[in-house]
$ cat input-v2.txt   # compact mmCIF, C-alpha atoms
# COMPACT_ATOMS: atom_id res chain seq x y z
CA MET A 1233 -57.03 -25.16 -132.73
CA LYS A 1234 -55.00 -28.16 -131.65
CA VAL A 1235 -53.74 -28.29 -128.08
CA ALA A 1236 -50.42 -29.54 -126.75
CA VAL A 1237 -49.08 -30.05 -123.24
CA VAL A 1238 -45.30 -29.89 -122.80
CA THR A 1239 -43.52 -30.81 -119.56
CA GLY A 1240 -40.09 -29.51 -118.65
CA ALA A 1241 -41.17 -26.55 -120.75
CA ALA A 1242 -38.77 -24.06 -119.19
CA GLY A 1243 -35.72 -26.16 -120.09
CA SER A 1244 -33.72 -25.95 -123.30
CA ILE A 1245 -35.48 -28.75 -125.18
CA GLY A 1246 -38.92 -28.00 -123.73
CA ALA A 1247 -38.74 -24.29 -124.60
CA ALA A 1248 -37.65 -25.12 -128.14
CA VAL A 1249 -40.56 -27.56 -128.50
CA CYS A 1250 -43.03 -24.95 -127.21
CA LEU A 1251 -41.76 -22.35 -129.68
CA ARG A 1252 -42.10 -24.71 -132.63
CA LEU A 1253 -45.59 -25.80 -131.61
CA VAL A 1254 -46.74 -22.18 -131.30
CA GLU A 1255 -45.30 -21.47 -134.76
CA ARG A 1256 -47.39 -24.39 -136.07
CA GLY A 1257 -50.59 -22.96 -134.62
CA PHE A 1258 -50.93 -25.07 -131.48
CA ARG A 1259 -52.25 -23.77 -128.21
CA VAL A 1260 -49.53 -24.82 -125.78
CA PHE A 1261 -49.81 -25.53 -122.06
CA ALA A 1262 -46.27 -25.32 -120.69
CA VAL A 1263 -45.70 -27.30 -117.48
CA ASP A 1264 -42.68 -26.68 -115.26
CA VAL A 1265 -41.72 -25.88 -111.68
CA ASP A 1266 -39.44 -23.03 -112.83
CA GLU A 1267 -41.56 -19.88 -112.69
CA GLU A 1268 -38.84 -17.62 -114.12
CA GLY A 1269 -38.21 -20.02 -116.99
CA LEU A 1270 -41.91 -20.19 -117.81
CA ALA A 1271 -42.05 -16.39 -117.90
CA ARG A 1272 -39.45 -16.39 -120.70
CA LEU A 1273 -41.67 -18.45 -123.01
CA PRO A 1274 -43.76 -16.78 -125.76
CA GLU A 1275 -46.84 -14.91 -124.58
CA ALA A 1276 -49.05 -17.30 -126.57
CA VAL A 1277 -48.07 -20.13 -124.21
CA THR A 1278 -50.23 -20.90 -121.16
CA ALA A 1279 -47.91 -21.48 -118.23
CA VAL A 1280 -48.83 -24.15 -115.68
CA ARG A 1281 -46.45 -23.98 -112.75
CA CYS A 1282 -46.39 -27.19 -110.72
CA ASP A 1283 -44.04 -29.80 -109.32
CA LEU A 1284 -44.56 -33.08 -111.17
CA THR A 1285 -43.30 -35.06 -108.19
CA ASP A 1286 -46.47 -33.95 -106.35
CA LEU A 1287 -49.30 -36.43 -106.87
CA ALA A 1288 -51.84 -33.59 -106.98
CA SER A 1289 -50.12 -32.05 -110.00
CA TYR A 1290 -51.45 -34.53 -112.58
CA ASP A 1291 -55.11 -33.87 -111.97
CA LEU A 1292 -54.29 -30.16 -111.74
CA VAL A 1293 -52.73 -30.11 -115.20
CA ALA A 1294 -55.60 -32.16 -116.66
CA SER A 1295 -58.14 -29.81 -115.07
CA VAL A 1296 -56.40 -26.67 -116.36
CA VAL A 1297 -56.24 -28.11 -119.89
CA LYS A 1298 -59.83 -29.34 -119.87
CA GLU A 1299 -61.22 -26.07 -118.53
CA GLY A 1300 -58.97 -23.88 -120.66
CA ALA A 1301 -59.16 -25.71 -123.98
CA GLY A 1302 -61.53 -28.66 -123.69
CA ARG A 1303 -59.19 -30.97 -125.57
CA CYS A 1304 -55.65 -32.34 -125.73
CA ASP A 1305 -54.12 -33.48 -129.01
CA VAL A 1306 -50.49 -33.87 -127.95
CA LEU A 1307 -48.62 -34.61 -124.74
CA VAL A 1308 -44.86 -34.10 -124.86
CA ASN A 1309 -43.22 -35.77 -121.86
CA ASN A 1310 -39.89 -33.99 -121.62
CA ALA A 1311 -39.17 -33.18 -117.95
CA GLY A 1312 -36.24 -35.02 -116.42
CA ILE A 1313 -33.30 -34.81 -114.04
CA VAL A 1314 -30.12 -36.77 -113.39
CA VAL A 1315 -28.44 -37.59 -110.08
CA THR A 1316 -24.67 -37.78 -110.45
CA THR A 1317 -23.91 -38.39 -106.78
CA PRO A 1318 -22.32 -41.87 -106.54
CA PHE A 1319 -25.10 -44.38 -105.86
CA GLU A 1320 -23.71 -45.41 -102.47
CA GLU A 1321 -23.60 -41.76 -101.37
CA ALA A 1322 -26.88 -40.53 -102.83
CA THR A 1323 -29.72 -39.90 -100.41
CA ALA A 1324 -32.99 -41.79 -100.61
CA GLN A 1325 -34.69 -38.46 -101.33
CA GLU A 1326 -32.41 -37.78 -104.33
CA LEU A 1327 -33.01 -41.22 -105.81
CA LEU A 1328 -36.75 -41.10 -105.19
CA ARG A 1329 -37.13 -37.68 -106.85
CA GLU A 1330 -35.19 -38.91 -109.88
CA GLN A 1331 -37.57 -41.85 -110.30
CA GLN A 1332 -40.63 -39.71 -109.64
CA LEU A 1333 -39.81 -37.08 -112.25
CA ASN A 1334 -38.28 -39.29 -114.93
CA LEU A 1335 -40.59 -42.30 -114.75
CA GLN A 1336 -43.65 -41.88 -112.57
CA ALA A 1337 -44.52 -38.35 -113.69
CA PRO A 1338 -44.85 -39.19 -117.41
CA MET A 1339 -46.83 -42.31 -116.57
CA LEU A 1340 -49.25 -40.52 -114.26
CA LEU A 1341 -49.64 -37.39 -116.38
CA THR A 1342 -50.32 -39.54 -119.45
CA ARG A 1343 -52.97 -41.34 -117.41
CA ALA A 1344 -54.55 -38.06 -116.25
CA LEU A 1345 -54.72 -36.70 -119.80
CA PHE A 1346 -55.61 -39.99 -121.48
CA PRO A 1347 -59.39 -39.37 -121.75
CA LEU A 1348 -58.74 -36.09 -123.60
CA LEU A 1349 -56.07 -37.72 -125.77
CA GLN A 1350 -58.48 -40.53 -126.64
CA GLU A 1351 -61.24 -38.10 -127.59
CA ALA A 1352 -58.84 -36.29 -129.93
CA ARG A 1353 -57.16 -39.49 -131.14
CA GLY A 1354 -54.01 -37.71 -130.08
CA GLN A 1355 -50.34 -38.52 -129.59
CA VAL A 1356 -47.89 -38.95 -126.75
CA VAL A 1357 -44.37 -37.96 -127.76
CA SER A 1358 -41.75 -38.58 -125.08
CA VAL A 1359 -38.16 -37.41 -124.92
CA VAL A 1360 -36.46 -40.40 -123.32
CA SER A 1361 -32.71 -40.95 -123.89
CA LEU A 1362 -30.18 -43.30 -125.40
CA GLY A 1363 -29.59 -43.91 -121.69
CA ALA A 1364 -32.74 -46.03 -121.97
CA LEU A 1365 -30.69 -48.45 -124.06
CA LEU A 1366 -27.20 -48.14 -122.57
CA PRO A 1367 -26.71 -48.17 -118.78
CA LEU A 1368 -24.47 -45.44 -117.37
CA ALA A 1369 -22.21 -46.38 -114.45
CA GLN A 1370 -22.19 -42.87 -112.97
CA SER A 1371 -25.99 -42.54 -112.93
CA PRO A 1372 -27.64 -45.95 -112.47
CA GLY A 1373 -30.82 -44.40 -111.12
CA TYR A 1374 -31.18 -42.33 -114.28
CA SER A 1375 -30.63 -45.45 -116.37
CA ALA A 1376 -33.28 -47.31 -114.37
CA SER A 1377 -35.82 -44.52 -114.83
CA LYS A 1378 -35.21 -44.24 -118.56
CA PHE A 1379 -35.22 -48.02 -119.13
CA GLY A 1380 -38.52 -48.09 -117.26
CA LEU A 1381 -40.01 -45.17 -119.18
CA ARG A 1382 -39.13 -46.77 -122.50
CA GLY A 1383 -40.76 -50.02 -121.36
CA PHE A 1384 -43.93 -48.18 -120.32
CA LEU A 1385 -44.18 -46.37 -123.64
CA LEU A 1386 -43.55 -49.50 -125.71
CA GLY A 1387 -46.24 -51.28 -123.72
CA LEU A 1388 -48.67 -48.40 -124.19
CA ALA A 1389 -47.95 -48.35 -127.91
CA MET A 1390 -49.04 -51.98 -128.22
CA ARG A 1391 -52.61 -50.86 -127.45
CA GLU A 1392 -52.72 -48.01 -129.95
CA LYS A 1393 -55.42 -49.66 -132.08
CA GLU A 1394 -57.56 -50.12 -128.97
CA THR A 1395 -57.04 -46.70 -127.42
CA GLY A 1396 -56.61 -44.49 -130.49
CA VAL A 1397 -53.62 -42.76 -128.89
CA GLY A 1398 -50.34 -42.81 -130.78
CA VAL A 1399 -46.96 -43.12 -129.06
CA SER A 1400 -43.56 -41.88 -130.24
CA ILE A 1401 -40.27 -42.21 -128.37
CA VAL A 1402 -37.33 -39.91 -129.09
CA ASN A 1403 -33.99 -41.07 -127.68
CA PRO A 1404 -31.33 -38.37 -128.00
CA SER A 1405 -27.70 -38.86 -127.13
CA ALA A 1406 -26.10 -36.11 -125.01
CA VAL A 1407 -27.72 -32.70 -125.58
CA ASP A 1408 -25.96 -29.41 -124.83
CA THR A 1409 -28.22 -28.22 -122.02
CA PRO A 1410 -27.76 -27.01 -118.43
CA MET A 1411 -28.33 -30.63 -117.34
CA LEU A 1412 -25.35 -31.79 -119.41
CA ARG A 1413 -23.24 -28.98 -117.96
CA HIS A 1414 -24.32 -30.10 -114.51
CA GLU A 1415 -23.19 -33.63 -115.36
CA ALA A 1416 -19.87 -32.36 -116.69
CA ALA A 1417 -19.31 -30.43 -113.45
CA THR A 1418 -20.38 -33.09 -110.97
CA GLY A 1419 -19.00 -36.39 -112.24
CA GLY A 1420 -21.53 -37.53 -114.82
CA SER A 1421 -20.67 -40.16 -117.40
CA PRO A 1422 -17.77 -39.31 -119.76
CA LEU A 1423 -19.61 -41.46 -122.33
CA ASN A 1424 -21.81 -38.41 -122.96
CA PHE A 1425 -18.85 -37.01 -124.88
CA LEU A 1426 -18.00 -39.91 -127.16
CA GLY A 1427 -19.77 -37.83 -129.80
CA ARG A 1428 -20.49 -34.13 -130.12
CA PRO A 1429 -23.45 -33.11 -127.91
CA MET A 1430 -26.58 -32.27 -129.88
CA GLU A 1431 -28.28 -28.89 -129.88
CA ALA A 1432 -31.64 -28.65 -128.10
CA GLY A 1433 -33.28 -27.23 -131.23
CA ALA A 1434 -32.33 -30.29 -133.26
CA VAL A 1435 -34.07 -32.55 -130.74
CA ALA A 1436 -37.12 -30.27 -130.71
CA GLU A 1437 -37.36 -30.45 -134.50
CA VAL A 1438 -37.55 -34.25 -134.35
CA VAL A 1439 -40.08 -34.20 -131.50
CA VAL A 1440 -42.42 -31.86 -133.38
CA GLY A 1441 -41.75 -33.68 -136.64
CA ARG A 1442 -43.18 -36.86 -135.13
CA LEU A 1443 -46.60 -35.19 -135.07
CA ARG A 1444 -46.68 -35.29 -138.88
CA ARG A 1445 -44.62 -38.45 -139.30
CA PRO A 1446 -45.28 -40.71 -136.33
CA ARG A 1447 -42.67 -43.34 -135.57
CA LEU A 1448 -42.56 -45.61 -132.55
CA GLU A 1449 -38.91 -44.96 -131.75
CA THR A 1450 -36.27 -42.57 -133.06
CA ASN A 1451 -32.66 -42.66 -131.90
CA LEU A 1452 -30.58 -39.49 -132.28
CA PRO A 1453 -28.25 -39.69 -134.02
CA ALA A 1454 -29.34 -42.88 -135.76
CA SER A 1455 -25.75 -44.13 -135.96
CA ASP A 1456 -25.41 -43.95 -132.16
CA GLY A 1457 -28.66 -45.84 -131.79
CA TRP A 1458 -27.44 -48.71 -133.95
CA LEU A 1459 -24.09 -48.74 -132.14
CA VAL A 1460 -25.74 -48.92 -128.72
CA LYS A 1461 -28.21 -51.61 -129.78
CA THR A 1462 -25.40 -53.72 -131.19
CA ALA A 1463 -23.19 -53.23 -128.14
CA MET A 1464 -25.99 -54.23 -125.77
CA LEU A 1465 -26.21 -57.64 -127.41
CA PHE A 1466 -23.10 -58.25 -125.31
CA PRO A 1467 -23.64 -56.40 -122.00
CA ALA A 1468 -20.74 -58.18 -120.27
CA LEU A 1469 -18.41 -56.96 -123.00
CA VAL A 1470 -19.72 -53.40 -122.60
CA ARG A 1471 -18.93 -53.58 -118.89
CA ARG A 1472 -15.36 -54.64 -119.62
CA ALA A 1473 -14.96 -52.00 -122.31
CA ARG A 1474 -16.25 -49.12 -120.16
CA PRO A 1475 -12.82 -47.96 -118.86
CA VAL A 1476 -11.45 -47.79 -122.40
CA LEU A 1477 -14.50 -45.97 -123.74
CA GLU A 1478 -14.37 -43.45 -120.91
CA TRP A 1479 -10.64 -42.90 -121.51
CA VAL A 1480 -11.39 -42.18 -125.18
CA ALA A 1481 -14.14 -39.73 -124.24
CA ARG A 1482 -12.29 -37.77 -121.54
CA PRO A 1483 -10.43 -35.36 -123.85
CA ALA A 1484 -13.77 -34.23 -125.32
CA LEU A 1485 -15.19 -33.91 -121.80
CA ARG A 1486 -12.26 -31.71 -120.73
CA LYS A 1487 -12.69 -29.58 -123.86
CA TYR A 1488 -16.40 -29.15 -123.09
CA GLN A 1489 -15.57 -28.21 -119.49
CA ARG A 1490 -13.08 -25.57 -120.64
CA ARG A 1491 -15.58 -24.12 -123.14
CA HIS A 1492 -18.18 -23.68 -120.41
CA GLY A 1493 -15.78 -22.60 -117.66
CA ILE A 1494 -16.26 -25.77 -115.63
CA SER A 1495 -13.34 -26.54 -113.35

$ encode --input "input-v2.txt" --output "structure tokens"
Amino acid sequence: MKVAVVTGAAGSIGAAVCLRLVERGFRVFAVDVDEEGLARLPEAVTAVRCDLTDLASYDLVASVVKEGAGRCDVLVNNAGIVVTTPFEEATAQELLREQQLNLQAPMLLTRALFPLLQEARGQVVSVVSLGALLPLAQSPGYSASKFGLRGFLLGLAMREKETGVGVSIVNPSAVDTPMLRHEAATGGSPLNFLGRPMEAGAVAEVVVGRLRRPRLETNLPASDGWLVKTAMLFPALVRRARPVLEWVARPALRKYQRRHGIS
């Protein structure tokens, strides 16, 4: 039986990934700090409750997987948070935790599980973000963490022939999750609503699909990916255009807020 480790497993995307992996016959180790959320996952899932900002957590997860299954075929890096407090008002602790969970945790957990992944000639599939390509004024720390994570993964992928470990990056646009609702309520980027937010299940389908059809990078939707890549050929122009783009997106943001009872 193949073995997968999924972080952020209690969240909308993570839970959907776990369910699909179980349906495909994987033994799943679900990693999250949310004990109640982990309890809602299918009984076939092995819950590993830990805080991925704690340095001891990476060896703990690797030990649990090695002792419980003896192998690791897939690591899905999915856990993440966003700080929407204006940068000049955010605390050092807020900013540090954002970097730890979004960037350092996937790096260090990948490192801890790498020997098992190499033995299995496995895959690392990471849910990153189109925010790894387009900086967001309201959450620069999030942008920094996602830009950095994408760079790490692209660098790791360059050694795939040497290591035997495949790498796939999935960059969704806004996804209708509690994190997006948090952003909508606390001053996150209106650019999240230039298009219709995706469903978590649609992202999970792509993540799991990459196990059968590996691809270095997938942007969701593809049209948004091409738009962002083209726009970022002219970053100064994007900066000037931001007020107009946000103005265009605000009606959709207000509609989303009304639908979810966000004042």

$ residues_around --input "input-v2.txt" --residues "segment 1419-1428 of chain A" --least-positions-apart "3" --cutoff "12 Å" --atoms "only C-alpha atoms" --output "MDAnalysis selection string"
chainID A and resid 1314:1319 1361:1363 1366:1372 1374:1375 1404:1408 1411:1416 1431 1452:1453 1455:1456 1459:1460 1470 1473:1489 1494:1495

$ closest_residue --input "input-v2.txt" --among "A:Val1265, A:Ala1248, A:Leu1341, A:Ala1434" --to "Asp1283 of chain A" --atoms "only C-alpha atoms"
A:Val1265

$ closest_residue --input "input-v2.txt" --among "A:Lys1234, A:Arg1490, A:Arg1472, A:Arg1281" --to "Val1260 of chain A" --atoms "all atoms listed in the file"
A:Lys1234

$ atom_distance --input "input-v2.txt" --atom1 "atom CA of Trp1458 of chain A" --atom2 "atom CA of Val1402 of chain A"
14.1 Å

$ atom_distance --input "input-v2.txt" --atom1 "atom CA of Glu1275 of chain A" --atom2 "atom CA of Val1399 of chain A"
28.6 Å

$ closest_residue --input "input-v2.txt" --among "A:Gly1441, A:Pro1347, A:Gly1373, A:Gly1300" --to "Arg1259 of chain A" --atoms "all atoms listed in the file"
A:Gly1300

$ closest_residue --input "input-v2.txt" --among "A:Thr1285, A:Arg1303, A:Ser1244, A:Leu1365" --to "Leu1273 of chain A" --atoms "all atoms listed in the file"
A:Ser1244

$ axis_aligned_box --input "input-v2.txt" --around "segment 1294-1303 of chain A" --padding-each-side "6 Å" --output "AutoDock Vina command-line options"
--center_x -58.6 --center_y -28.0 --center_z -120.3 --size_x 17.9 --size_y 20.3 --size_z 22.5

$ closest_residue --input "input-v2.txt" --among "A:Gly1398, A:Pro1338, A:Gly1257, A:Gly1457" --to "Lys1378 of chain A" --atoms "only C-alpha atoms"
A:Pro1338

$ residues_around --input "input-v2.txt" --residues "Glu1268 of chain A" --least-positions-apart "2" --cutoff "12 Å" --atoms "all atoms listed in the file" --output "PyMOL selection string"
chain A and resi 1241-1243+1264-1266+1270-1273+1279+1281

$ write_last_selection --input "input-v2.txt" --atoms "C-alpha atoms" --output "PDB file, in the coordinates of the input"
ATOM      1  CA  ALA A1241     -41.170 -26.550-120.750  1.00  0.00           C
ATOM      2  CA  ALA A1242     -38.770 -24.060-119.190  1.00  0.00           C
ATOM      3  CA  GLY A1243     -35.720 -26.160-120.090  1.00  0.00           C
ATOM      4  CA  ASP A1264     -42.680 -26.680-115.260  1.00  0.00           C
ATOM      5  CA  VAL A1265     -41.720 -25.880-111.680  1.00  0.00           C
ATOM      6  CA  ASP A1266     -39.440 -23.030-112.830  1.00  0.00           C
ATOM      7  CA  LEU A1270     -41.910 -20.190-117.810  1.00  0.00           C
ATOM      8  CA  ALA A1271     -42.050 -16.390-117.900  1.00  0.00           C
ATOM      9  CA  ARG A1272     -39.450 -16.390-120.700  1.00  0.00           C
ATOM     10  CA  LEU A1273     -41.670 -18.450-123.010  1.00  0.00           C
ATOM     11  CA  ALA A1279     -47.910 -21.480-118.230  1.00  0.00           C
ATOM     12  CA  ARG A1281     -46.450 -23.980-112.750  1.00  0.00           C
TER      13      ARG A1281
END

$ closest_residue --input "input-v2.txt" --among "A:Val1356, A:Leu1448, A:Ala1236, A:Ala1276" --to "Lys1298 of chain A" --atoms "only C-alpha atoms"
A:Ala1236

$ closest_atom_pairs --input "input-v2.txt" --of "segment 1236-1353 of chain A" --to "segment 1388-1394 of chain A" --cutoff "12 Å" --atoms "only C-alpha atoms" --output "CSV"
residue,atom,partner,partner_atom,distance
A:Met1339,CA,A:Leu1388,CA,9.9
A:Thr1342,CA,A:Leu1388,CA,10.2
A:Arg1343,CA,A:Leu1388,CA,10.7
A:Phe1346,CA,A:Leu1388,CA,11.2
A:Leu1349,CA,A:Glu1392,CA,11.6
A:Gln1350,CA,A:Glu1394,CA,9.9
A:Arg1353,CA,A:Glu1392,CA,9.7

$ residues_around --input "input-v2.txt" --residues "Val1359 of chain A" --least-positions-apart "2" --cutoff "8 Å" --atoms "only C-alpha atoms" --output "PDB file with C-alpha atoms, keeping the file's coordinate frame"
ATOM      1  CA  VAL A1308     -44.860 -34.100-124.860  1.00  0.00           C
ATOM      2  CA  ASN A1309     -43.220 -35.770-121.860  1.00  0.00           C
ATOM      3  CA  ASN A1310     -39.890 -33.990-121.620  1.00  0.00           C
ATOM      4  CA  VAL A1357     -44.370 -37.960-127.760  1.00  0.00           C
ATOM      5  CA  SER A1361     -32.710 -40.950-123.890  1.00  0.00           C
ATOM      6  CA  ILE A1401     -40.270 -42.210-128.370  1.00  0.00           C
ATOM      7  CA  VAL A1402     -37.330 -39.910-129.090  1.00  0.00           C
ATOM      8  CA  ASN A1403     -33.990 -41.070-127.680  1.00  0.00           C
ATOM      9  CA  PRO A1404     -31.330 -38.370-128.000  1.00  0.00           C
ATOM     10  CA  VAL A1439     -40.080 -34.200-131.500  1.00  0.00           C
TER      11      VAL A1439
END

$ atom_distance --input "input-v2.txt" --atom1 "atom CA of Leu1386 of chain A" --atom2 "atom CA of Met1464 of chain A"
18.2 Å

$ residues_around --input "input-v2.txt" --residues "Leu1340 of chain A" --least-positions-apart "4" --cutoff "8 Å" --atoms "all atoms listed in the file" --output "list in words"
Tyr1290, Gln1336 and Ala1344 of chain A
